[in-house]
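So this one's run.txt, compact mmCIF, C-alpha atoms:
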```
# COMPACT_ATOMS: atom_id res chain seq x y z
CA MET A 1 5.08 24.48 11.71
CA ALA A 2 1.47 24.55 10.49
CA LYS A 3 -1.40 23.62 12.71
CA ILE A 4 -4.44 21.97 11.16
CA ILE A 5 -7.48 22.22 13.40
CA ILE A 6 -9.72 19.19 12.96
CA PRO A 7 -13.38 20.26 12.94
CA SER A 8 -15.34 19.60 16.11
CA ARG A 9 -18.30 17.93 14.44
CA LEU A 10 -19.82 17.28 11.05
CA GLY A 11 -23.35 17.53 9.78
CA ASN A 12 -25.52 14.61 8.71
CA ASN A 13 -25.26 15.42 5.03
CA PHE A 14 -23.72 12.58 3.01
CA ALA A 15 -20.87 14.76 1.80
CA SER A 16 -20.13 16.66 5.02
CA GLY A 17 -17.23 14.38 5.92
CA ILE A 18 -15.90 14.36 2.36
CA ASN A 19 -16.00 18.15 2.15
CA ALA A 20 -14.32 18.46 5.56
CA PHE A 21 -11.57 16.13 4.36
CA TYR A 22 -11.15 18.21 1.20
CA SER A 23 -10.92 21.31 3.34
CA ILE A 24 -7.97 19.72 5.19
CA LEU A 25 -6.31 18.86 1.86
CA ASP A 26 -6.85 22.42 0.71
CA GLN A 27 -5.21 23.77 3.88
CA ILE A 28 -2.22 21.45 3.49
CA ASN A 29 -1.81 22.59 -0.08
CA ASN A 30 -1.07 26.07 1.25
CA VAL A 31 1.72 24.80 3.52
CA ALA A 32 5.30 24.43 2.24
CA PRO A 33 6.06 20.76 1.37
CA GLU A 34 8.74 20.31 4.04
CA GLU A 35 7.00 22.27 6.82
CA PRO A 36 5.97 20.10 9.80
CA LEU A 37 2.25 19.64 10.37
CA ILE A 38 0.28 19.43 13.59
CA PHE A 39 -3.17 17.87 13.46
CA ASP A 40 -5.18 19.02 16.43
CA PHE A 41 -8.08 16.74 17.47
CA SER A 42 -8.49 18.37 20.89
CA ASN A 43 -11.78 20.09 20.10
CA CYS A 44 -13.45 17.17 18.31
CA TYR A 45 -16.90 16.14 19.38
CA PHE A 46 -18.25 13.89 16.62
CA LEU A 47 -16.71 12.79 13.31
CA GLY A 48 -17.61 9.95 10.97
CA PRO A 49 -16.01 7.42 8.62
CA PHE A 50 -16.10 9.56 5.45
CA PHE A 51 -13.80 12.04 7.18
CA LEU A 52 -11.73 9.94 9.55
CA LEU A 53 -10.71 7.12 7.22
CA PRO A 54 -9.34 9.20 4.34
CA LEU A 55 -7.72 11.46 6.94
CA LYS A 56 -5.94 8.43 8.41
CA LEU A 57 -4.46 7.64 5.00
CA LEU A 58 -3.51 11.28 4.54
CA LEU A 59 -1.74 11.33 7.93
CA GLU A 60 0.26 8.25 6.90
CA ARG A 61 1.14 9.75 3.54
CA GLU A 62 2.22 13.10 5.01
CA ALA A 63 4.31 11.34 7.67
CA GLN A 64 6.41 9.85 4.86
CA TYR A 65 7.50 13.29 3.72
CA ARG A 66 7.56 15.52 6.77
CA GLN A 67 7.18 15.61 10.51
CA VAL A 68 3.58 15.03 11.54
CA THR A 69 2.38 15.54 15.09
CA ILE A 70 -1.07 14.58 16.32
CA ILE A 71 -2.69 16.27 19.29
CA PRO A 72 -5.21 13.64 20.39
CA PRO A 73 -8.55 14.41 22.01
CA ASP A 74 -8.90 14.30 25.78
CA SER A 75 -9.17 10.58 26.56
CA ASN A 76 -11.87 11.34 29.14
CA SER A 77 -14.13 12.98 26.59
CA ASN A 78 -16.72 11.04 24.58
CA PHE A 79 -14.78 11.60 21.40
CA GLY A 80 -11.52 10.66 23.12
CA ASN A 81 -13.09 7.39 24.18
CA TYR A 82 -14.33 6.73 20.66
CA TYR A 83 -10.92 7.71 19.22
CA GLY A 84 -9.27 5.12 21.45
CA ILE A 85 -11.78 2.35 20.79
CA ILE A 86 -11.59 2.64 17.02
CA ARG A 87 -7.77 2.70 17.43
CA TYR A 88 -7.37 5.99 15.60
CA PRO A 89 -5.31 6.64 13.61
CA GLU A 90 -3.40 3.34 13.46
CA GLY A 91 -6.33 0.93 13.31
CA LEU A 92 -6.43 -2.79 13.97
CA TYR A 93 -3.96 -4.72 11.86
CA HIS A 94 -4.33 -8.28 13.08
CA GLU A 95 -7.37 -10.48 12.73
CA ASN A 96 -6.58 -11.95 16.16
CA GLU A 97 -6.91 -8.49 17.69
CA LEU A 98 -10.16 -8.04 15.79
CA ALA A 99 -11.46 -11.38 17.03
CA GLU A 100 -10.46 -10.55 20.61
CA ASN A 101 -12.40 -7.30 20.41
CA LEU A 102 -15.39 -8.80 18.65
CA ASN A 103 -17.63 -8.61 21.69
CA THR A 104 -16.65 -5.00 22.41
CA PHE A 105 -17.73 -3.92 18.96
CA ARG A 106 -20.87 -6.01 18.80
CA PHE A 107 -22.38 -3.67 21.34
CA LYS A 108 -21.15 -0.45 19.73
CA THR A 109 -22.54 1.31 16.69
CA TYR A 110 -19.22 1.41 14.86
CA THR A 111 -16.40 -0.83 13.76
CA PRO A 112 -12.78 -0.16 14.53
CA ILE A 113 -10.52 1.06 11.74
CA VAL A 114 -9.90 -2.32 10.13
CA CYS A 115 -6.62 -2.64 8.22
CA PHE A 116 -7.05 -5.84 6.23
CA PRO A 117 -4.34 -7.60 4.22
CA ALA A 118 -4.72 -6.83 0.53
CA SER A 119 -2.19 -9.11 -1.09
CA ARG A 120 -2.46 -12.69 -2.31
CA LEU A 121 0.82 -13.75 -0.75
CA GLY A 122 1.21 -16.47 1.86
CA ASN A 123 -1.70 -16.82 4.24
CA GLU A 124 -2.95 -13.27 3.67
CA PRO A 125 -6.06 -14.42 1.74
CA GLN A 126 -7.14 -16.53 4.72
CA LEU A 127 -6.42 -13.67 7.13
CA ARG A 128 -8.47 -11.34 4.94
CA ASP A 129 -11.36 -13.79 4.85
CA SER A 130 -11.23 -14.02 8.65
CA CYS A 131 -11.29 -10.22 8.91
CA LEU A 132 -14.30 -9.99 6.61
CA THR A 133 -16.17 -12.67 8.50
CA ILE A 134 -15.55 -10.84 11.79
CA VAL A 135 -16.57 -7.47 10.31
CA ASN A 136 -19.77 -9.03 8.96
CA SER A 137 -20.47 -10.53 12.36
CA ILE A 138 -19.99 -7.14 14.06
CA LEU A 139 -22.22 -5.31 11.57
CA LYS A 140 -24.87 -8.02 11.67
CA HIS A 141 -25.05 -7.79 15.45
CA GLN A 142 -25.02 -3.99 15.53
CA THR A 143 -27.67 -3.48 12.87
CA GLY A 144 -29.82 -6.57 13.39
CA LEU A 145 -29.68 -7.21 9.67
CA SER A 146 -30.71 -10.54 8.24
CA GLY A 147 -31.82 -12.09 4.98
CA GLY A 148 -31.39 -10.21 1.73
CA MET A 149 -30.42 -6.93 3.37
CA LEU A 150 -27.50 -8.58 5.17
CA THR A 151 -26.49 -10.34 1.96
CA GLY A 152 -26.62 -6.98 0.14
CA LEU A 153 -24.35 -5.37 2.74
CA MET A 154 -21.90 -8.26 2.51
CA TYR A 155 -21.95 -8.00 -1.28
CA LEU A 156 -21.09 -4.28 -1.18
CA ILE A 157 -18.21 -4.89 1.23
CA ASP A 158 -16.86 -7.87 -0.72
CA GLU A 159 -16.93 -6.09 -4.06
CA ALA A 160 -15.02 -3.13 -2.67
CA VAL A 161 -12.50 -5.29 -0.82
CA ASN A 162 -11.94 -7.55 -3.83
CA ASN A 163 -11.38 -4.53 -6.08
CA ILE A 164 -8.60 -3.45 -3.73
CA VAL A 165 -7.11 -6.94 -3.75
CA ASP A 166 -7.34 -7.29 -7.53
CA HIS A 167 -6.27 -3.82 -8.59
CA SER A 168 -4.64 -1.61 -5.96
CA ASP A 169 -1.25 -3.28 -5.57
CA SER A 170 -1.50 -2.11 -1.99
CA LEU A 171 -0.40 -4.14 1.02
CA ARG A 172 -3.43 -3.10 3.06
CA GLY A 173 -6.97 -1.99 2.57
CA TYR A 174 -8.95 -0.06 5.17
CA LEU A 175 -12.55 -0.30 6.31
CA PHE A 176 -14.50 1.76 8.79
CA ALA A 177 -18.26 1.82 9.38
CA GLN A 178 -20.63 3.75 11.60
CA TYR A 179 -24.26 2.82 12.16
CA TYR A 180 -26.76 5.56 13.05
CA PRO A 181 -29.70 3.72 14.66
CA SER A 182 -31.88 6.80 15.05
CA LYS A 183 -31.50 7.58 11.34
CA SER A 184 -31.55 3.95 10.19
CA TYR A 185 -28.51 4.24 7.99
CA LEU A 186 -25.00 2.86 7.93
CA ASP A 187 -22.02 4.83 6.62
CA LEU A 188 -19.39 2.52 5.21
CA CYS A 189 -15.99 3.68 4.02
CA ILE A 190 -13.42 1.46 2.31
CA ALA A 191 -10.15 2.85 1.00
CA ASP A 192 -6.62 2.05 -0.06
CA ASN A 193 -3.48 4.01 -0.78
CA GLY A 194 -2.47 1.96 -3.79
CA LEU A 195 -2.16 2.60 -7.50
CA GLY A 196 -5.55 4.10 -8.21
CA ILE A 197 -7.64 3.21 -11.24
CA LEU A 198 -5.68 5.11 -13.93
CA LYS A 199 -2.30 3.59 -13.04
CA ASN A 200 -3.90 0.18 -12.85
CA TYR A 201 -5.23 0.53 -16.41
CA LEU A 202 -1.88 1.85 -17.65
CA ARG A 203 0.12 -1.02 -16.18
CA SER A 204 -2.36 -3.42 -17.80
CA GLY A 205 -1.72 -1.91 -21.23
CA TYR A 206 -4.82 0.31 -21.49
CA THR A 207 -2.98 3.35 -22.82
CA ILE A 208 -6.13 4.97 -24.21
CA TYR A 209 -6.89 6.52 -20.81
CA HIS A 210 -4.96 9.66 -19.98
CA SER A 211 -6.66 11.03 -16.90
CA ASP A 212 -8.24 9.83 -13.68
CA LYS A 213 -11.57 11.03 -15.04
CA GLU A 214 -11.36 8.87 -18.18
CA ALA A 215 -10.20 5.89 -16.17
CA LEU A 216 -13.03 6.28 -13.68
CA VAL A 217 -15.64 6.45 -16.45
CA ALA A 218 -14.15 3.26 -17.90
CA ALA A 219 -14.20 1.49 -14.55
CA ILE A 220 -17.81 2.50 -13.96
CA SER A 221 -18.65 1.18 -17.44
CA GLY A 222 -17.17 -2.18 -16.51
CA VAL A 223 -13.93 -2.07 -18.47
CA SER A 224 -11.91 -4.47 -16.38
CA THR A 225 -8.15 -4.77 -16.60
CA LYS A 226 -8.92 -8.47 -16.43
CA ASN A 227 -11.00 -8.41 -19.63
CA ARG A 228 -8.86 -11.00 -21.30
CA PRO A 229 -10.54 -13.95 -22.99
CA GLU A 230 -9.43 -16.25 -20.15
CA ALA A 231 -10.71 -13.90 -17.51
CA GLU A 232 -14.11 -12.77 -18.70
CA GLY A 233 -16.85 -12.09 -16.25
CA ARG A 234 -14.95 -9.46 -14.32
CA GLY A 235 -15.53 -5.74 -14.07
CA PHE A 236 -19.09 -5.88 -12.79
CA GLY A 237 -18.30 -4.88 -9.22
CA ILE A 238 -18.70 -1.11 -9.42
CA GLN A 239 -21.74 -1.25 -11.72
CA THR A 240 -23.63 -3.81 -9.70
CA SER A 241 -22.72 -2.23 -6.36
CA LYS A 242 -23.95 1.18 -7.50
CA LYS A 243 -27.13 -0.34 -8.86
CA MET A 244 -27.79 -2.37 -5.73
CA LEU A 245 -27.07 0.51 -3.35
CA VAL A 246 -28.79 3.33 -5.20
CA ASP A 247 -31.50 1.75 -7.38
CA GLY A 248 -32.24 -1.03 -4.92
CA LEU A 249 -31.66 0.45 -1.49
CA LYS A 250 -32.04 4.17 -2.35
CA GLY A 251 -28.63 4.82 -0.86
CA LYS A 252 -25.76 7.07 -1.90
CA TYR A 253 -22.54 6.09 -3.64
CA PHE A 254 -19.25 8.00 -3.86
CA LEU A 255 -15.95 6.84 -5.32
CA GLN A 256 -12.74 8.82 -5.68
CA THR A 257 -9.54 7.88 -7.45
CA GLY A 258 -6.83 10.46 -7.94
CA ARG A 259 -8.41 13.64 -9.25
CA ALA A 260 -11.75 12.09 -10.23
CA ILE A 261 -14.86 11.39 -8.25
CA ALA A 262 -18.03 9.56 -9.21
CA PHE A 263 -21.22 9.79 -7.24
CA LYS A 264 -24.69 8.42 -7.66
CA THR A 265 -27.88 9.13 -5.81
CA ILE A 266 -31.47 8.37 -6.79
CA ASP A 267 -31.71 11.50 -8.93
CA ASN A 268 -28.14 12.42 -9.75
CA GLU A 269 -25.13 10.65 -11.21
CA GLN A 270 -21.93 12.36 -12.29
CA VAL A 271 -18.24 11.92 -12.80
CA VAL A 272 -16.31 15.03 -11.81
CA GLU A 273 -12.71 16.07 -12.27
CA ILE A 274 -11.71 17.89 -9.12
CA PRO A 275 -8.96 20.41 -8.32
CA GLU A 276 -5.48 18.92 -8.09
CA PRO A 277 -4.91 19.63 -4.37
CA LEU A 278 -7.98 17.52 -3.56
CA GLY A 279 -6.62 14.44 -5.32
CA PHE A 280 -6.45 11.17 -3.38
CA GLN A 281 -3.76 8.58 -3.85
CA GLY A 282 -5.47 5.20 -4.23
CA THR A 283 -9.22 4.84 -4.02
CA PHE A 284 -11.75 6.10 -1.51
CA LEU A 285 -15.25 4.64 -1.46
CA ALA A 286 -18.06 6.08 0.68
CA LEU A 287 -21.43 4.34 0.86
CA ARG A 288 -24.51 5.48 2.76
CA ILE A 289 -26.78 2.49 3.20
CA PRO A 290 -30.27 3.50 4.33
CA ASN A 291 -33.32 1.54 5.40
CA ILE A 292 -31.37 -0.59 7.83
CA GLY A 293 -34.08 -2.72 9.38
CA ASN A 294 -35.86 -3.45 6.12
CA ASN A 295 -34.95 -7.10 5.73
CA ASN A 296 -37.18 -7.72 2.71
CA PHE A 297 -34.61 -6.55 0.19
CA ASP A 298 -33.68 -9.02 -2.59
CA PRO A 299 -30.09 -8.36 -3.74
CA SER A 300 -30.20 -10.97 -6.52
CA ASP A 301 -32.10 -8.48 -8.71
CA TYR A 302 -28.84 -6.51 -8.92
CA TYR A 303 -26.20 -9.19 -9.44
CA SER A 304 -25.98 -8.61 -13.20
CA MET B 1 -15.56 -43.25 -11.75
CA LEU B 2 -14.34 -42.14 -8.33
CA THR B 3 -16.67 -39.81 -6.45
CA THR B 4 -16.24 -37.78 -3.29
CA ASN B 5 -18.53 -35.43 -1.40
CA PRO B 6 -16.66 -32.90 0.78
CA SER B 7 -18.39 -30.22 2.84
CA ILE B 8 -17.40 -26.72 1.76
CA ALA B 9 -18.23 -25.11 5.09
CA ALA B 10 -15.96 -27.61 6.85
CA ILE B 11 -13.13 -27.09 4.38
CA LEU B 12 -13.40 -23.29 4.07
CA SER B 13 -16.06 -21.35 5.93
CA ASN B 14 -19.79 -20.72 5.88
CA GLU B 15 -19.04 -17.33 4.25
CA LEU B 16 -17.19 -17.41 0.94
CA HIS B 17 -15.74 -13.96 0.26
CA THR B 18 -12.86 -14.13 -2.17
CA ARG B 19 -11.42 -15.69 -5.33
CA ASP B 20 -8.62 -17.03 -3.20
CA GLN B 21 -11.04 -19.28 -1.32
CA ALA B 22 -12.16 -20.82 -4.62
CA ASP B 23 -8.52 -21.32 -5.64
CA LEU B 24 -7.81 -22.86 -2.25
CA LEU B 25 -10.82 -25.17 -2.51
CA PHE B 26 -9.75 -26.56 -5.88
CA SER B 27 -6.13 -26.99 -4.86
CA MET B 28 -7.21 -28.78 -1.68
CA ILE B 29 -9.53 -31.21 -3.38
CA GLU B 30 -6.92 -31.83 -6.05
CA SER B 31 -4.28 -32.74 -3.51
CA ASP B 32 -6.60 -34.61 -1.14
CA PHE B 33 -8.38 -36.64 -3.82
CA PRO B 34 -5.89 -37.00 -6.69
CA ALA B 35 -7.61 -40.00 -8.29
CA CYS B 36 -11.11 -38.59 -8.12
CA ASN B 37 -12.81 -37.32 -11.28
CA HIS B 38 -16.29 -36.62 -9.96
CA PHE B 39 -16.84 -34.23 -7.07
CA VAL B 40 -20.14 -33.45 -5.42
CA LEU B 41 -19.39 -30.41 -3.29
CA ASP B 42 -21.75 -29.98 -0.38
CA PHE B 43 -22.63 -26.30 0.17
CA SER B 44 -25.35 -27.02 2.72
CA GLU B 45 -23.83 -24.94 5.56
CA VAL B 46 -22.70 -22.09 3.33
CA GLN B 47 -24.74 -18.98 4.09
CA TYR B 48 -23.11 -16.47 1.77
CA MET B 49 -21.17 -16.52 -1.51
CA SER B 50 -19.56 -13.41 -2.96
CA ARG B 51 -19.49 -12.61 -6.65
CA SER B 52 -15.70 -13.02 -6.67
CA PHE B 53 -15.86 -16.51 -5.19
CA ALA B 54 -18.70 -17.49 -7.53
CA ASP B 55 -16.88 -16.19 -10.61
CA GLN B 56 -13.67 -18.00 -9.76
CA PHE B 57 -15.56 -21.18 -8.85
CA HIS B 58 -17.41 -21.04 -12.18
CA LYS B 59 -14.18 -20.60 -14.15
CA LEU B 60 -12.32 -23.38 -12.34
CA LYS B 61 -15.27 -25.73 -12.67
CA LEU B 62 -15.37 -25.19 -16.45
CA ALA B 63 -11.58 -25.49 -16.72
CA TRP B 64 -11.53 -28.78 -14.81
CA SER B 65 -14.32 -30.11 -16.98
CA LYS B 66 -12.46 -29.24 -20.20
CA GLN B 67 -8.88 -29.91 -19.21
CA LYS B 68 -9.16 -32.73 -16.70
CA GLU B 69 -12.48 -34.27 -17.69
CA THR B 70 -13.43 -33.89 -14.06
CA SER B 71 -16.99 -33.02 -13.14
CA ILE B 72 -17.86 -30.74 -10.25
CA ILE B 73 -21.41 -30.67 -8.93
CA ALA B 74 -22.47 -28.07 -6.39
CA GLU B 75 -25.04 -29.56 -4.04
CA ASN B 76 -27.44 -28.08 -1.48
CA LEU B 77 -26.86 -24.47 -2.43
CA ALA B 78 -28.72 -21.78 -0.51
CA PRO B 79 -30.87 -19.54 -2.74
CA GLN B 80 -28.38 -16.66 -2.44
CA CYS B 81 -25.51 -18.87 -3.60
CA LEU B 82 -27.61 -20.25 -6.45
CA ASP B 83 -28.54 -16.72 -7.56
CA MET B 84 -24.91 -15.66 -7.48
CA LEU B 85 -23.67 -18.64 -9.50
CA ARG B 86 -26.44 -18.05 -12.03
CA ALA B 87 -25.50 -14.36 -12.28
CA VAL B 88 -21.81 -15.02 -12.92
CA ALA B 89 -22.64 -17.66 -15.53
CA GLN B 90 -24.71 -15.04 -17.37
CA THR B 91 -22.04 -12.34 -17.21
CA GLN B 92 -19.03 -14.22 -18.53
CA LYS B 93 -19.12 -12.60 -21.95
CA VAL B 94 -17.75 -9.08 -22.30
CA ASN B 95 -20.55 -8.11 -24.68
CA ASN B 96 -23.05 -8.49 -21.86
CA ARG B 97 -21.81 -5.20 -20.41
CA THR B 98 -23.79 -2.02 -20.60
CA SER B 99 -21.79 1.11 -21.20
CA ALA B 100 -22.35 3.95 -18.83
CA ASP B 101 -23.70 7.23 -20.16
CA ILE B 102 -22.78 9.42 -17.24
CA PRO B 103 -22.33 13.18 -17.46
CA VAL B 104 -18.76 14.28 -16.81
CA TYR B 105 -17.90 17.70 -15.40
CA SER B 106 -14.85 19.48 -14.13
CA PHE B 107 -14.29 21.79 -11.16
CA SER B 108 -11.20 23.91 -10.67
CA ASN B 109 -12.66 25.90 -7.80
CA PRO B 110 -12.80 23.91 -4.54
CA GLN B 111 -15.64 26.03 -3.17
CA LYS B 112 -17.84 25.19 -6.15
CA LEU B 113 -17.07 21.53 -5.68
CA PHE B 114 -18.01 21.73 -1.99
CA GLU B 115 -21.34 23.25 -2.99
CA LEU B 116 -22.00 20.46 -5.49
CA LEU B 117 -21.18 17.74 -2.99
CA GLN B 118 -23.23 19.36 -0.27
CA SER B 119 -26.23 19.12 -2.57
CA ILE B 120 -26.12 15.36 -3.05
```
Written as structure tokens, that's how I'd like the structure from this file.
Amino acid sequence: MAKIIIPSRLGNNFASGINAFYSILDQINNVAPEEPLIFDFSNCYFLGPFFLLPLKLLLEREAQYRQVTIIPPDSNSNFGNYYGIIRYPEGLYHENELAENLNTFRFKTYTPIVCFPASRLGNEPQLRDSCLTIVNSILKHQTGLSGGMLTGLMYLIDEAVNNIVDHSDSLRGYLFAQYYPSKSYLDLCIADNGLGILKNYLRSGYTIYHSDKEALVAAISGVSTKNRPEAEGRGFGIQTSKKMLVDGLKGKYFLQTGRAIAFKTIDNEQVVEIPEPLGFQGTFLALRIPNIGNNNFDPSDYYS
Amino acid sequence: MLTTNPSIAAILSNELHTRDQADLLFSMIESDFPACNHFVLDFSEVQYMSRSFADQFHKLKLAWSKQKETSIIAENLAPQCLDMLRAVAQTQKVNNRTSADIPVYSFSNPQKLFELLQSI
């Protein structure tokens, strides 16, 4: 039985949570595939969305293959309280539950782990729309955003959520956000455990891509699996979101699919193929949105 | 010519997030007003329109015009919704895309990757 000690706290750096998550993946890689895992949260003090959300998906994935035990934090500690309120690791699955807890979260600086429906079956589209409306209401209240800045935030969320719906073939998508009032930024993480970009291209007949890296470059360039004559106009989501967040808001953008990551900051943009043990099934999007409070932003400059 | 003027916020919501809402809107007006061939859709209470909704709305509007000879007019759009509809109309053609020229690297050593990420 291998024990994974969850770090007590993470730094403010954009990638601190991502690196800490990779460190967990690296540790698991050194454990035999069938060996049970214990994840120990008992010493945690402060962790953020870029670590906790991908870790949630990892816990679920590992639990499919082996015994996974979680040692939760002390419920009387600050982190234990937070852990309970955000419903870690399960998250909130029903929009009714989200609506019932709307007032709780309006006065926090974080959302719960929101597990939104990602399919187009039955009434799931309406349930998803309700979830998004509630999440927007929570974030609007927490951050005091209005005008173009609020519209920009909603645009970034919608583009990410709709990419999951259109391409992941996943039953659920996951959203988690944390607002840092003293630093005036919002960390937003949206992820799924679905096909990932490469498999989505392959199933759509794009056999020219052979690696996650190639597929990610194509996705960033706007090559949509929906680029059929009857479905033009798609594939702009990643490009426009990156442009709006980084060029417009001076934020930071990170996207992982499988063994490829893409990141963009004001002065640096790269696609990187990463070591195999650090691969992520599905997609994992991390956005740092700064200048919360500047409501003079005009998102329409970045729609195309 | 039969005309009707439904309120989008009343039918759907004052936030329009997804393609599915556009699909739902068109299927609702089709079933509720089967004889109508001229719709003036009132967006006056709509505060936000996503790109996905706008793109699907644009496509369905054009399709109805061509295939059913039915006109759809969007009325009382907020500036954000107008901007979004204008943007999707301009980005319907694939050749409007700009190809990315992004450097691509590879890391086999996790520690080196951590160092790179810590620097961003």
Could you give me, as a tab-separated table (two decimals) with C-alpha atoms, in the frame of the given file, the residues within 10 Å of Val246 (chain A), counting all atoms listed in the file and dropping anything in the same chain fewer than 2 positions from it?
```
chain	number	residue	atom	x	y	z
A	240	THR	CA	-23.63	-3.81	-9.70
A	241	SER	CA	-22.72	-2.23	-6.36
A	242	LYS	CA	-23.95	1.18	-7.50
A	243	LYS	CA	-27.13	-0.34	-8.86
A	244	MET	CA	-27.79	-2.37	-5.73
A	248	GLY	CA	-32.24	-1.03	-4.92
A	249	LEU	CA	-31.66	0.45	-1.49
A	250	LYS	CA	-32.04	4.17	-2.35
A	251	GLY	CA	-28.63	4.82	-0.86
A	252	LYS	CA	-25.76	7.07	-1.90
A	253	TYR	CA	-22.54	6.09	-3.64
A	264	LYS	CA	-24.69	8.42	-7.66
A	265	THR	CA	-27.88	9.13	-5.81
A	266	ILE	CA	-31.47	8.37	-6.79
A	267	ASP	CA	-31.71	11.50	-8.93
A	287	LEU	CA	-21.43	4.34	0.86
A	288	ARG	CA	-24.51	5.48	2.76
A	289	ILE	CA	-26.78	2.49	3.20
A	290	PRO	CA	-30.27	3.50	4.33
```
With all atoms listed in the file considered, list every residue of chain A at most 6 Å from chain B, as a short mmCIF file (atom, residue, chain, number, x, y, z; two decimals) with C-alpha atoms, keeping the file's coordinate frame.
```
data_model
loop_
_atom_site.label_atom_id
_atom_site.label_comp_id
_atom_site.auth_asym_id
_atom_site.auth_seq_id
_atom_site.Cartn_x
_atom_site.Cartn_y
_atom_site.Cartn_z
CA ALA A 15 -20.87 14.76 1.80
CA ASN A 19 -16.00 18.15 2.15
CA SER A 221 -18.65 1.18 -17.44
CA GLU A 232 -14.11 -12.77 -18.70
CA GLY A 233 -16.85 -12.09 -16.25
CA GLN A 270 -21.93 12.36 -12.29
CA VAL A 271 -18.24 11.92 -12.80
CA VAL A 272 -16.31 15.03 -11.81
CA GLU A 273 -12.71 16.07 -12.27
CA ILE A 274 -11.71 17.89 -9.12
CA PRO A 275 -8.96 20.41 -8.32
CA TYR A 303 -26.20 -9.19 -9.44
CA SER A 304 -25.98 -8.61 -13.20
#
```
Quick one: of A:Cys189, A:Leu102, A:Val31, A:Val217, who's nearest to Phe14 (chain A), counting only C-alpha atoms?
A:Cys189
With a distance cut-off of 12 Å and all atoms listed in the file, select the neighbouring residues of Asn101 (chain A), excluding the residue or stretch itself and same-chain residues fewer than 3 positions from it, and output the selection as an NGL selection string.
:A and (85-87 or 92 or 94-98 or 104-108 or 111-112 or 114 or 131 or 134-135 or 137-138)
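Compared by their closest atoms to Phe236 (chain A), and using all atoms listed in the file, the residues A:Pro117, A:Ala260, A:Leu285, A:Glu159 rank with A:Glu159 nearest.
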Point (-7.0, 4.9, 19.9), cut-off 12 Å, counting all atoms listed in the file, residues as a PyMOL selection string:
chain A and resi 70+72-75+79-92+112-113
Just give me the gap between CA of Leu198 (chain A) and CA of Arg172 (chain A) in Å, one decimal is fine.
19.0 Å
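Among the candidates A:Leu153, A:Ala218, A:Ile6, A:Leu52, the one nearest to Asp40 (chain A) when counting only C-alpha atoms is A:Ile6.
The gap separating CA of Gly148 (chain A) from CA of Ser300 (chain A) is 8.4 Å, in Å to one decimal.
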For Cys44 (chain A), which residue out of A:Leu10, A:Ile157, A:Leu255, A:Leu139 is the nearest one, using only C-alpha atoms?
A:Leu10
Determine, counting only C-alpha atoms, every residue of protein, DNA or RNA that lies within 9 Å of (-6.8, 2.8, -2.1) in the file coordinates, then give the result as a list in words.
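It turns out the residues near that spot are Leu57, Ile164, Ser168, Asp169, Ser170, Arg172, Gly173, Tyr174, Ile190, Ala191, Asp192, Asn193, Gly194, Leu195, Gly196, Thr257, Phe280, Gln281, Gly282, Thr283, Phe284 and Leu285 of chain A.
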So, with all atoms listed in the file as the atoms that count, which of A:Leu121, A:Ala99, A:Leu278, A:Ala32 lies closest to Val165 (chain A)?
A:Leu121
